[in-house]
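Just below is one structure, and these are the notes that go with it.
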Amino acid sequence: MRAYRRDLPRLAELLPNIATPTLVISGKDDPFVPPANGEFLADRMPPCRAEVVDAGHFV
């Protein structure tokens, strides 16, 4: 988890280069990866959308 937080800004630079349509699914009750992370990814990947489902971490 610490590496993810550290590497997320670097990842943000690469996300606009992804051309594959992508669906990011987040659990609204995920204690480890909040839905905001999925929105972060979707906002930076042009062919991406984020969905939040009624679940925890194991979606």
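Residues are referred to by chain and number: the chain letter is A, B, ... according to the order shown in the structure tokens, the number counts from 1 in that chain, and ligands are numbered separately from 1 in the order shown.
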> So which residues touch Val24 in chain A within 7 Å, counting only C-alpha atoms, skipping near sequence neighbours fewer than 3 positions away, as JSON, numbers by chain?
Replying inline: {"A": [38, 49, 50, 51]}
Would you please give, as a tab-separated table (two decimals) with C-alpha atoms, in the first residue's frame, all residues of range 10-51 of chain A that DSSP assigns to alpha helix (DSSP H) based on the backbone?
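In the end it all went to part04.tsv:
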chain	number	residue	atom	x	y	z
A	10	ARG	CA	4.30	8.72	-11.43
A	11	LEU	CA	1.49	6.55	-12.71
A	12	ALA	CA	-0.60	9.65	-13.45
A	13	GLU	CA	1.94	10.71	-16.07
A	14	LEU	CA	1.53	7.41	-17.93
A	35	PRO	CA	-13.50	4.84	-4.78
A	36	ALA	CA	-11.68	8.15	-5.23
A	37	ASN	CA	-8.73	6.16	-6.55
A	38	GLY	CA	-10.89	4.72	-9.32
A	39	GLU	CA	-12.10	8.19	-10.19
A	40	PHE	CA	-8.48	9.39	-10.22
A	41	LEU	CA	-7.63	6.71	-12.79
A	42	ALA	CA	-10.72	7.32	-14.92
A	43	ASP	CA	-10.12	11.07	-15.01
A	44	ARG	CA	-6.66	10.52	-16.45
> Could you name the residues that touch Pro46 in chain A at 8 Å or less, counting only C-alpha atoms, but leaving out those on the same chain fewer than 6 positions away, as a count of residues only?
Replying inline: 3
> DSSP on the backbone: what in chain A comes out strand (DSSP E), as a ChimeraX atom specification?
Replying inline: /A:22-27,48-53
> Distance CA of Phe58 in chain A-CA of Ile25 in chain A, one decimal place?
Replying inline: 10.5 Å
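One finds CA of Ala55 in chain A at 26.5 Å from CA of Pro9 in chain A.
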>> Could you check the closest approach to Pro21 in chain A for each of A:Met45, A:Val33, A:Val52, A:Val59 and tell me which residue wins, using only C-alpha atoms?
In response: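 Of the candidates, the smallest distance to Pro21 in chain A is held by A:Met45.
Of the residues under consideration (A:Asp7, A:Lys28, A:Thr20, A:Arg2), A:Lys28 shows the shortest atom-to-atom contact distance to Val53 in chain A when counting only C-alpha atoms.
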>> Report as a VMD selection string all protein, DNA and RNA residues lying within 10 Å of Phe32 in chain A, evaluated on only C-alpha atoms, omitting residues in the same chain fewer than 2 positions from it.
In response: chain A and resid 1 27 29 to 30 34 to 35 56 to 57
